[in-house]
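Before any comments, here is the structure.
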Amino acid sequence: MTAESKNNKRKQRSESNSTTGSSATDSSSKDASSSASSSEHPDTSLPTKTNTSNTQMDDAGSSRLFQPHRSLGLLTAAHPATNARNLSYSPSSNLFQSKRGKFHLQPHGQSSEETFVTVPLGERFQILTISKLVPTLVSRALPPSSNHHRKRMMRNNSDISSNAQYSGGDEEEMHQAISDSSLSVTIATHGPKLLGRAVSITMYSRTRPLVCLDAFPFLAAKKKGRKNRWGIVDMIHLGKQRIAMTGEKEGKMENTLLLAIVCARDDVVKAPNNKDNGGIEVLGHDSDDESDEESVMAGEPIAVTSSSSSSNSSEDDEESISDIDTSPPNDCYGRVLIVQASRTSMKIIKTVNLSGIGSNFIPHAGLHPATYVNKILLGGRPTIAADNGTKLILLNVRTGKMLHSFQCLSNSSGIITTLEQSPAVDTVAVGTSTGSIHLVNTLHDVELFSLHHKGKQISKKSSRVNAVSSISFRTDGNATRQGVAPLAVGCDDGSISVWDLTPVEDESDGSTRRTLLTQMEATHHGGVSKIQYLPGEPLLLSTGMASNSVLLHVFDAPDHSGRILRQRKGHTSPPRLLRYLHPGVGGGGILANASDGTDASSCQILSCGGPGDLTLRLFSTARTNLDKEYSQGPGLERKAKKLGLVGPEGRAELLLPEVAALATSEARSRDWGDLVTIHKDHAMAYVWSTKRGSQTGPVLRQPQWNVSAMKKRPPRSAHATSVAISSCGNFVLVGSVGGVVYKYNIQSGLPRGSYPRDATSLTEEEERRRKKGLKLAGDVGRTMRMLEKSSVHGGVTPSDIDQAERDRVSYIEAEEKRKAIIQRASHEGAVVGIAIDSLNKTVVTAGADSKLVLWSFVTHMPNKKSPIMLPSPATKLTHVRDSDLAAIAMRDFGVAVFDCSSLSVVRYFGGSRYASPNEMRLSHTGPISDMGFGPDGRKLFTSSLDGTIRVWDVPTGLCVDWMSFASPPTSMALSPTGEFLATSHVGHLGISLWCDKSFFRMVLLDGVPSEPAKMNEPQPVAECEQEEAEQSLSVSMPRSVTVKDDSSINGNDDQDDNNNGIPPQAKEEGLITLSGLPPAHWKNLFHLELVKERNKPKEAPQKPPQAPFFLQWRSGIDSGNNEDADNVGNTEASSTNNDASKKDDDGWDAVWSDADDSEEGSANQAMQVLKEDKPEPAKTNASKRRKVMHHRSKLAELLQNCSDAISDSSPSQGAYAEVTSYLSTMGPSSIDVEISSLCYGAHDLEDGLHLLHLASLWLVEACESNQSFEAVNAYLHRFLHVHGNIITQIDADIKNEKENLVDDDEGDSHRLKLKEFAHTIAQLREKQKAASNRLQGKMQHTICLLKHLSRMV
């Protein structure tokens, strides 16, 4: 694939994603009208946006130059540490936080390769394939929740309104998602992000949200109070139910998805901020201080409870739906909503309040036990007032009755956090908040045994308790053969433990116990969210609460330990630094394709984690499965265990500190390291190899600096603040806090001086060379020897002594002058930026002391004009080597552009000059966080903590683009081609990617923007390269709702000419047109023999096995029995059987097929098509040739029909166009069969010669028309390849007849046909040669013109 085609694909993908995924969707999700409609009517489909033009959709959520493209490094709904304080403002407790981000597994077939995983991701969900853990489907944004939830959220969080932009404002957050592949629907629970709990239910049809339901509409009439803290805690899959269809398919049956939505009301109260409790959450009952208005609500009619519910399962839907609007009683802390979802609609069909024996019970988790029809298990805790109440109940969702309250766990401590069905019937695993797992027999209400996990020891007297967050049973045959029954347990400390449930008898006391097979500590940062074994395989999938990772473990070791088979990881804290790997020509790199930078390096971004995340990661903008983490040394996990460092904190002690800056160079990447990093509060620099993806190079340090942490560390003045690599890739410059720039050799790691050069102590060898160069006596003995040597030759004259004294004095004066120059030019503060020119002649340094200094790279001396004083202290520096311009960011929020060739400041952007309110739009209002030049050096990009990014035009000095973001950008990086802009933001774990619209459409940059463009946040996209996985997903998830194609969504109503079947016409005479067919259509015709050789079968076909007995005959399928007598005799019986089978199969067809017509109609239609394809008998006088034609191919028939049309009327241009159109619809093998059937050899010339002549006439006309040029030449090549021997033989026979002067009256007609055919072939050769010469001439003329213009530049 060429670079141009790759660029075009990326541009089309970015434009489609920005319009459909970001602009239209995000704007529709936050539209107030849609919010009102979804809140007022619980069962209301989402409004459909009308089509708009491309320009309008592009302008929504985009700026003049950039629009959202996609996000990178976002895998799960993890919450970074920066947002933890915002989440703590939520009045909800762990009741609503524990279910966030749990995935849903969708097994298909017998292999894990066909399994898909649905993972919530902020406002969306994504479906990953287990085979590669890459996204194959990403949904659109969530619709907004009801207005009354948002109003309550703002009242409860009024004290953090100022920080709304950092926490996401009014964004929705998805908590759980369950997908059903057969119905192609996904049910998701969500709520406002600041609210902290799910309050709405939305149904998706593939990626598009269809219906949004409010789970708590009764809260709209209530005021603020603790009774209103309702939220969704779990979703339970109940299976499917068949219902009658309505509308066009009325009378048929379809499958619907049944879900139980478990809701709970929390009794944890957040006390007000006062001196007594200091704002700490306290516990209390709701009845302590209920308002009068809320107490009145207790008298309202309640929903279906155990005492008032009817046992009749055929309740009207209207009654069930009305129950959801009714407020539950005071002692009801739980509610179950039964949701029924079809392919096009979703509704709540029943509401069950947990009262009676379920009163004062707060559910935390739910489970649908195997073989328990219409029953669910609910686990949780009793309220504070109930004290020792029930913790596990059995509920009949059909009748609404609480069947049983389990007493076996009443004496156990902790809260039930998770439930899991075991492979054995009537046995359930129960996980608690105290780290215990209880195996319970639900039939007899008996606790079989318990497993306990010990928490981390905090002190000698106390230890931390690890709550169980997820449980999963392993069901593959290997475990059974090995005699183990593994149970995996995930805890909130990030560890995964695997127990063997096989009882082992203890010899000491005769009791039985269970064995801990293995324990994987610190698997997920922040705790394990969910784990699940794949059915029938030793594979365990796990996700974390804050780890932003998806891991697939395999258990194939003899000791039953696990290892990571596949993994996808991202940052656990917002990234602080982004840089493209080898930034290309503009940044000094030497790309493999340096002309446009479209090699693999232009698609890779280096990202450094923020506080708490000490990793250096590489993200690919093309394929997410190429993402990886750079290694900081071999065997870190083994070293941590050896040193007793357990957990992520222990591993972090062996990692390097947070990366402060980095520099790359591709010049010598094949020889040694090409990446150098410096770290926060660290003096040394480290060399990495991007080829190996690890830190393998030397440590760059001064000889007097200690490497061991046990010894005295380097002084703080030596801490590194900036770094740069020379264009040759041999040297590294590292700036420090003390104002000194150290120079190192990147290969050996040895120091090579400093800037200024006297800042470092010289080695003995350098000191010896310096003294030798000055030609001064080293000691008195040497001076005496020199005097004696001079006296031998005539003595020492006074003039020699005076000259030596003068040289000494001049040297001292020169040294003092040099020291004064160095003292004046040296930095007195930290060096914040370093740049090296492309010729290794000049070094540019910017300091926090407002000095800009130019140094000689070789002599380490400052330039004569140095230092150049800046109007404000510098904070950052970036340099473009092509134009030799350096941009310096300053503390006054301005940017100075310095021309290193003329040694002057040529541009000022923003800063203190624009301090007036009227001119504030011309400058940043916050510190500049990052900068970067475009590839051509004409544009300068600056990002600021004021939440904006500005694009400055360097020649004119104007701001041409102004972008505003919901969260301030912390770093940015521009791709080597300039097509993409990567940014990182405060509180965001992912990397946002924006595409430049000027690469694929006209952009007008007139004037300075008056206000910033509010940018929509880019979202993850499905991998376009995973076509096979997407096809398998589309097969398992059939489309039930007609989804508009990209052209209708983007507002593109223009249709291509090819859609009407008309070939494109040349705009001017003499031009050629291409067919627009896939390259494989005509390219494979040149290599068809090779393809046939590769596809040759290795063995004879085997007889298929007999079909199983349970496969029944379906109506509409022909059995292949053509006995007419039996068919005639059994017409009535067969019709009766067909009608009966049709009635039986209607329900099946309605559920598993989206076709409106029955299979019988489809079969009849197919038979009609077959009848139409059969050639009709000739209506005119049929000759022998015409009879043979009927036994030839369709191509032969078309050629004859076109020839007859020409003979019946006057010849016209395009008479054989139908032949070209016919071949364009066929594959290479079919084309070869059609062309080969025209003539089977020399023995078939009597009938095949006429067809060969017609085919040659068709090719002559096709070459003259200049249409479908590449396809016609491929057809011509195949025609000559197949029939070349016949054409050669005919040509040789004609030449022999001319030489021998053969005269045979009987053969005159045959020879005449041969001569006509030979003449047509000669004419075809001339036409093809003329077209080829004309095309070569045009190409040569274009190449010469381009070379001439390139020389002029």
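Ligands are numbered from 1 in the order shown, residues from 1 within each chain, and chains are lettered A, B, ... in the order they appear in the structure tokens.
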
message: Would you pick out the contacts of Gly990 in chain A at 12 Å or less, using only C-alpha atoms, so that residues sharing its chain but fewer than 2 positions from it are not included, and give the list as an NGL selection string?
response: :A and (70-80 or 121-122 or 548 or 569-576 or 578 or 607-610 or 617 or 619 or 969 or 982-988 or 992-993 or 1017-1020)

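The shell of residues at most 7 Å from range 870-881 of chain A, with only C-alpha atoms counted and near chain neighbours (fewer than 6 positions) removed, consists of A:Gly586, A:Gly587, A:Gly588, A:Val832, A:Gly833, A:Ile834, A:Ala835, A:Asp837, A:Ser838, A:Ala846, A:Gly847, A:Ala848, A:Asp849, A:Ser850, A:Lys851, A:Leu852, A:Ala887, A:Ile888, A:Ala889, A:Met890, A:Arg891, A:Asp892, A:Met931, A:Gly932, A:Phe933, A:Gly937.
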
field: range 655-726 of chain A: residues DSSP assigns to strand (DSSP E), reported as an MDAnalysis selection string
entry: chainID A and resid 659:664 675:679 685:688 699:700 720:725

Go ahead and save the residues from that selection, with N, CA and C atoms, as a PDB file, in the first residue's frame.
```pdb
ATOM      1  N   VAL A 659       9.412  10.692  34.347  1.00  0.00           N
ATOM      2  CA  VAL A 659      10.164  11.280  33.236  1.00  0.00           C
ATOM      3  C   VAL A 659       9.838  12.763  33.147  1.00  0.00           C
ATOM      4  N   ALA A 660      10.891  13.597  33.110  1.00  0.00           N
ATOM      5  CA  ALA A 660      10.722  15.041  33.004  1.00  0.00           C
ATOM      6  C   ALA A 660      10.849  15.526  31.570  1.00  0.00           C
ATOM      7  N   ALA A 661      11.714  14.916  30.765  1.00  0.00           N
ATOM      8  CA  ALA A 661      11.894  15.304  29.366  1.00  0.00           C
ATOM      9  C   ALA A 661      12.578  14.165  28.650  1.00  0.00           C
ATOM     10  N   LEU A 662      12.470  14.144  27.332  1.00  0.00           N
ATOM     11  CA  LEU A 662      13.129  13.121  26.518  1.00  0.00           C
ATOM     12  C   LEU A 662      13.520  13.716  25.177  1.00  0.00           C
ATOM     13  N   ALA A 663      14.439  13.030  24.518  1.00  0.00           N
ATOM     14  CA  ALA A 663      14.904  13.443  23.192  1.00  0.00           C
ATOM     15  C   ALA A 663      15.214  12.190  22.397  1.00  0.00           C
ATOM     16  N   THR A 664      14.954  12.222  21.090  1.00  0.00           N
ATOM     17  CA  THR A 664      15.186  11.081  20.213  1.00  0.00           C
ATOM     18  C   THR A 664      16.000  11.511  18.999  1.00  0.00           C
ATOM     19  N   LEU A 675      17.237   7.059  22.230  1.00  0.00           N
ATOM     20  CA  LEU A 675      16.302   7.771  23.094  1.00  0.00           C
ATOM     21  C   LEU A 675      16.990   8.039  24.422  1.00  0.00           C
ATOM     22  N   VAL A 676      16.915   9.294  24.872  1.00  0.00           N
ATOM     23  CA  VAL A 676      17.511   9.700  26.146  1.00  0.00           C
ATOM     24  C   VAL A 676      16.433  10.363  26.979  1.00  0.00           C
ATOM     25  N   THR A 677      16.345   9.964  28.237  1.00  0.00           N
ATOM     26  CA  THR A 677      15.351  10.525  29.148  1.00  0.00           C
ATOM     27  C   THR A 677      16.050  11.101  30.372  1.00  0.00           C
ATOM     28  N   ILE A 678      15.464  12.165  30.898  1.00  0.00           N
ATOM     29  CA  ILE A 678      15.857  12.698  32.200  1.00  0.00           C
ATOM     30  C   ILE A 678      14.633  12.622  33.102  1.00  0.00           C
ATOM     31  N   HIS A 679      14.876  12.610  34.389  1.00  0.00           N
ATOM     32  CA  HIS A 679      13.812  12.314  35.327  1.00  0.00           C
ATOM     33  C   HIS A 679      13.726  13.374  36.412  1.00  0.00           C
ATOM     34  N   ALA A 685      21.060  10.934  33.295  1.00  0.00           N
ATOM     35  CA  ALA A 685      20.241  10.680  32.117  1.00  0.00           C
ATOM     36  C   ALA A 685      20.431   9.234  31.691  1.00  0.00           C
ATOM     37  N   TYR A 686      19.412   8.668  31.040  1.00  0.00           N
ATOM     38  CA  TYR A 686      19.414   7.252  30.701  1.00  0.00           C
ATOM     39  C   TYR A 686      19.161   7.087  29.206  1.00  0.00           C
ATOM     40  N   VAL A 687      19.871   6.148  28.614  1.00  0.00           N
ATOM     41  CA  VAL A 687      19.807   5.882  27.178  1.00  0.00           C
ATOM     42  C   VAL A 687      18.953   4.642  26.958  1.00  0.00           C
ATOM     43  N   TRP A 688      17.980   4.754  26.023  1.00  0.00           N
ATOM     44  CA  TRP A 688      17.056   3.676  25.691  1.00  0.00           C
ATOM     45  C   TRP A 688      17.233   3.303  24.230  1.00  0.00           C
ATOM     46  N   VAL A 699      24.411   4.829  31.518  1.00  0.00           N
ATOM     47  CA  VAL A 699      23.889   5.900  32.371  1.00  0.00           C
ATOM     48  C   VAL A 699      24.809   7.093  32.218  1.00  0.00           C
ATOM     49  N   LEU A 700      24.238   8.216  31.810  1.00  0.00           N
ATOM     50  CA  LEU A 700      25.032   9.425  31.561  1.00  0.00           C
ATOM     51  C   LEU A 700      25.182  10.186  32.869  1.00  0.00           C
ATOM     52  N   ALA A 720      18.780  17.213  36.494  1.00  0.00           N
ATOM     53  CA  ALA A 720      18.560  17.503  35.074  1.00  0.00           C
ATOM     54  C   ALA A 720      17.212  18.173  34.870  1.00  0.00           C
ATOM     55  N   THR A 721      17.208  19.151  33.968  1.00  0.00           N
ATOM     56  CA  THR A 721      15.975  19.876  33.650  1.00  0.00           C
ATOM     57  C   THR A 721      15.646  19.859  32.165  1.00  0.00           C
ATOM     58  N   SER A 722      16.611  19.611  31.290  1.00  0.00           N
ATOM     59  CA  SER A 722      16.375  19.602  29.848  1.00  0.00           C
ATOM     60  C   SER A 722      17.400  18.703  29.187  1.00  0.00           C
ATOM     61  N   VAL A 723      17.071  18.242  27.959  1.00  0.00           N
ATOM     62  CA  VAL A 723      17.943  17.313  27.253  1.00  0.00           C
ATOM     63  C   VAL A 723      17.783  17.516  25.754  1.00  0.00           C
ATOM     64  N   ALA A 724      18.843  17.248  25.003  1.00  0.00           N
ATOM     65  CA  ALA A 724      18.823  17.335  23.543  1.00  0.00           C
ATOM     66  C   ALA A 724      19.883  16.406  22.989  1.00  0.00           C
ATOM     67  N   ILE A 725      19.631  15.872  21.783  1.00  0.00           N
ATOM     68  CA  ILE A 725      20.557  14.984  21.084  1.00  0.00           C
ATOM     69  C   ILE A 725      20.996  15.681  19.800  1.00  0.00           C
TER      70      ILE A 725
END
```

- prompt: Between CA of His1250 in chain A and CA of Ile1287 in chain A, what is the distance, to one decimal in Å?
  reply: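 Distance reported for this atom pair: 12.9 Å.
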
task: Quick one: pull the distance between CA of Ser412 in chain A and CA of Lys391 in chain A, Å, one decimal.
output: 9.3 Å

message: Going by DSSP on the backbone, which residues of range 364-602 of chain A come out as helix (DSSP H, G or I)? List them as number ranges by chain.
response: A: 477-481, 584-587, 600-602

Export N, CA, C and O atoms of the chosen residues as a PDB file, in the first residue's frame?
```pdb
ATOM      1  N   GLY A 477     -11.443 -29.159  30.716  1.00  0.00           N
ATOM      2  CA  GLY A 477     -11.138 -30.556  30.980  1.00  0.00           C
ATOM      3  C   GLY A 477      -9.751 -30.791  31.524  1.00  0.00           C
ATOM      4  O   GLY A 477      -9.506 -31.816  32.181  1.00  0.00           O
ATOM      5  N   ASN A 478      -8.795 -29.884  31.253  1.00  0.00           N
ATOM      6  CA  ASN A 478      -7.439 -30.093  31.759  1.00  0.00           C
ATOM      7  C   ASN A 478      -7.406 -30.092  33.280  1.00  0.00           C
ATOM      8  O   ASN A 478      -6.667 -30.866  33.901  1.00  0.00           O
ATOM      9  N   ALA A 479      -8.170 -29.211  33.883  1.00  0.00           N
ATOM     10  CA  ALA A 479      -8.204 -29.181  35.345  1.00  0.00           C
ATOM     11  C   ALA A 479      -8.764 -30.476  35.909  1.00  0.00           C
ATOM     12  O   ALA A 479      -8.272 -31.001  36.914  1.00  0.00           O
ATOM     13  N   THR A 480      -9.783 -31.011  35.270  1.00  0.00           N
ATOM     14  CA  THR A 480     -10.364 -32.278  35.735  1.00  0.00           C
ATOM     15  C   THR A 480      -9.363 -33.414  35.610  1.00  0.00           C
ATOM     16  O   THR A 480      -9.244 -34.267  36.504  1.00  0.00           O
ATOM     17  N   ARG A 481      -8.631 -33.454  34.494  1.00  0.00           N
ATOM     18  CA  ARG A 481      -7.629 -34.521  34.312  1.00  0.00           C
ATOM     19  C   ARG A 481      -6.487 -34.397  35.310  1.00  0.00           C
ATOM     20  O   ARG A 481      -5.888 -35.395  35.691  1.00  0.00           O
ATOM     21  N   GLY A 584      10.873  13.308  12.494  1.00  0.00           N
ATOM     22  CA  GLY A 584      10.926  13.575  11.054  1.00  0.00           C
ATOM     23  C   GLY A 584      11.866  14.673  10.673  1.00  0.00           C
ATOM     24  O   GLY A 584      12.728  15.123  11.427  1.00  0.00           O
ATOM     25  N   VAL A 585      11.669  15.163   9.453  1.00  0.00           N
ATOM     26  CA  VAL A 585      12.586  16.139   8.884  1.00  0.00           C
ATOM     27  C   VAL A 585      12.553  17.434   9.684  1.00  0.00           C
ATOM     28  O   VAL A 585      13.570  18.056   9.966  1.00  0.00           O
ATOM     29  N   GLY A 586      11.335  17.871  10.068  1.00  0.00           N
ATOM     30  CA  GLY A 586      11.238  19.118  10.802  1.00  0.00           C
ATOM     31  C   GLY A 586      11.928  19.063  12.143  1.00  0.00           C
ATOM     32  O   GLY A 586      12.442  20.060  12.629  1.00  0.00           O
ATOM     33  N   GLY A 587      11.956  17.874  12.758  1.00  0.00           N
ATOM     34  CA  GLY A 587      12.596  17.750  14.051  1.00  0.00           C
ATOM     35  C   GLY A 587      13.993  17.209  13.975  1.00  0.00           C
ATOM     36  O   GLY A 587      14.608  16.945  14.990  1.00  0.00           O
ATOM     37  N   ALA A 600       6.543   3.889   9.409  1.00  0.00           N
ATOM     38  CA  ALA A 600       5.921   3.441  10.648  1.00  0.00           C
ATOM     39  C   ALA A 600       6.214   4.371  11.814  1.00  0.00           C
ATOM     40  O   ALA A 600       5.421   4.465  12.753  1.00  0.00           O
ATOM     41  N   SER A 601       7.344   5.072  11.776  1.00  0.00           N
ATOM     42  CA  SER A 601       7.694   5.945  12.889  1.00  0.00           C
ATOM     43  C   SER A 601       6.727   7.102  13.034  1.00  0.00           C
ATOM     44  O   SER A 601       6.577   7.664  14.122  1.00  0.00           O
ATOM     45  N   SER A 602       6.090   7.506  11.958  1.00  0.00           N
ATOM     46  CA  SER A 602       5.152   8.626  12.035  1.00  0.00           C
ATOM     47  C   SER A 602       3.851   8.230  12.699  1.00  0.00           C
ATOM     48  O   SER A 602       2.996   9.090  12.908  1.00  0.00           O
TER      49      SER A 602
END
```

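The residue that comes closest to Asn625 in chain A, out of A:Arg229, A:His148, A:Arg907, A:Arg566 and on the basis of only C-alpha atoms, is A:Arg566.
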
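Excluding Ala759 in chain A itself and same-chain residues fewer than 3 positions from it, the residues having an atom within 7 Å of it are Val740, Ser754 and Pro756 of chain A, counting only C-alpha atoms.
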
Could you save those same residues with N, CA and C atoms as an mmCIF file, in the first residue's frame?
```
data_model
loop_
_atom_site.group_PDB
_atom_site.id
_atom_site.type_symbol
_atom_site.label_atom_id
_atom_site.label_comp_id
_atom_site.auth_asym_id
_atom_site.auth_seq_id
_atom_site.Cartn_x
_atom_site.Cartn_y
_atom_site.Cartn_z
ATOM 1 N N VAL A 740 24.289 24.678 34.390
ATOM 2 C CA VAL A 740 25.363 24.035 33.637
ATOM 3 C C VAL A 740 24.754 23.026 32.668
ATOM 4 N N SER A 754 31.505 20.489 29.283
ATOM 5 C CA SER A 754 30.286 21.154 29.706
ATOM 6 C C SER A 754 30.241 22.537 29.092
ATOM 7 N N PRO A 756 29.282 26.256 30.562
ATOM 8 C CA PRO A 756 30.654 26.598 30.146
ATOM 9 C C PRO A 756 31.633 25.481 30.474
#
```

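Of the listed residues A:Ala1080, A:Ile201, A:Leu133, A:Val352, the one whose atoms come nearest to Thr115 in chain A is A:Leu133, with distances taken using only C-alpha atoms.
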
- prompt: Could you pull the residues within 8 Å of Phe1086 in chain A, counting only C-alpha atoms, minus those fewer than 4 positions along the same chain, as a list in words?
  reply: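 Returned residues: Trp1082, Ala1274, His1277 and Arg1278 of chain A.
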
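Proximity ranking of A:Val134, A:Ala1322, A:Leu1238, A:Ala177 relative to Leu1254 in chain A places A:Leu1238 first, based on only C-alpha atoms.
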
task: To one decimal in Å, tell me the separation between CA of Trp672 in chain A and CA of Gln747 in chain A.
output: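 Separation of CA of Trp672 in chain A and CA of Gln747 in chain A: 6.2 Å.
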
Can you tell me, as a compact mmCIF listing (two decimals) with C-alpha atoms, in the first residue's frame, what residues are no more than 8 Å from Cys728 in chain A when counting only C-alpha atoms, ignoring any on the same chain fewer than 6 positions away?
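Writing the result to part-v3.txt gives the following:
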```
# COMPACT_ATOMS: atom_id res chain seq x y z
CA ALA A 667 20.61 8.86 12.86
CA ARG A 668 22.40 6.03 14.74
CA ASN A 840 26.66 20.70 15.16
```

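Between Leu1324 in chain A and the residues A:Leu1259, A:Ile338, A:Ala1196, A:Ala640, the shortest atom-to-atom distance, using only C-alpha atoms, involves A:Leu1259.
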
Quick one: residues within 8 Å of range 962-967 of chain A, only C-alpha atoms, excluding same-chain residues fewer than 2 positions away - as a compact mmCIF listing (two decimals) with N, CA and C atoms, in the first residue's frame?
```txt
# COMPACT_ATOMS: atom_id res chain seq x y z
N SER A 63 -12.36 23.06 15.17
CA SER A 63 -11.87 24.41 14.96
C SER A 63 -11.64 24.64 13.48
N GLN A 165 -14.88 21.63 35.19
CA GLN A 165 -14.19 21.37 33.94
C GLN A 165 -13.12 20.30 34.10
N TYR A 166 -12.61 20.10 35.29
CA TYR A 166 -11.60 19.08 35.50
C TYR A 166 -12.20 17.70 35.71
N GLY A 168 -15.16 16.64 34.36
CA GLY A 168 -15.99 16.20 33.26
C GLY A 168 -17.31 16.90 33.16
N GLY A 947 -6.47 26.10 29.26
CA GLY A 947 -7.41 25.23 28.58
C GLY A 947 -7.49 25.43 27.10
N THR A 948 -6.50 26.07 26.49
CA THR A 948 -6.55 26.36 25.06
C THR A 948 -5.26 25.94 24.38
N ILE A 949 -5.36 25.77 23.08
CA ILE A 949 -4.21 25.58 22.19
C ILE A 949 -4.33 26.60 21.07
N ARG A 950 -3.24 27.30 20.79
CA ARG A 950 -3.24 28.30 19.72
C ARG A 950 -2.27 27.86 18.63
N VAL A 951 -2.64 28.21 17.41
CA VAL A 951 -1.79 27.95 16.24
C VAL A 951 -1.40 29.31 15.68
N CYS A 959 -2.50 34.75 14.93
CA CYS A 959 -3.08 33.52 15.46
C CYS A 959 -4.14 33.06 14.46
N VAL A 960 -3.92 31.91 13.85
CA VAL A 960 -4.82 31.42 12.81
C VAL A 960 -5.81 30.39 13.33
N PRO A 969 -4.79 21.21 28.51
CA PRO A 969 -3.77 20.32 27.93
C PRO A 969 -2.44 20.44 28.67
N HIS A 985 -4.33 15.64 28.61
CA HIS A 985 -5.10 16.61 29.37
C HIS A 985 -5.14 16.23 30.84
N VAL A 986 -5.42 17.22 31.65
CA VAL A 986 -5.53 17.02 33.10
C VAL A 986 -6.72 16.11 33.39
N GLY A 987 -6.48 15.06 34.15
CA GLY A 987 -7.55 14.15 34.54
C GLY A 987 -7.96 13.15 33.50
N PRO A 1009 -9.19 34.60 15.06
CA PRO A 1009 -10.45 34.14 15.67
C PRO A 1009 -10.86 35.04 16.83
N GLU A 1011 -13.12 34.18 19.16
CA GLU A 1011 -13.36 33.36 20.34
C GLU A 1011 -12.88 31.95 20.06
N PRO A 1012 -12.52 31.22 21.11
CA PRO A 1012 -12.00 29.86 20.89
C PRO A 1012 -13.09 28.90 20.45
N ALA A 1013 -12.71 27.92 19.66
CA ALA A 1013 -13.63 26.87 19.23
C ALA A 1013 -13.63 25.77 20.29
N LYS A 1014 -14.81 25.44 20.79
CA LYS A 1014 -14.93 24.39 21.79
C LYS A 1014 -14.85 23.03 21.12
N MET A 1015 -13.84 22.28 21.49
CA MET A 1015 -13.55 21.01 20.84
C MET A 1015 -14.26 19.87 21.56
N ASN A 1016 -14.83 18.97 20.78
CA ASN A 1016 -15.38 17.73 21.33
C ASN A 1016 -14.26 16.75 21.62
```
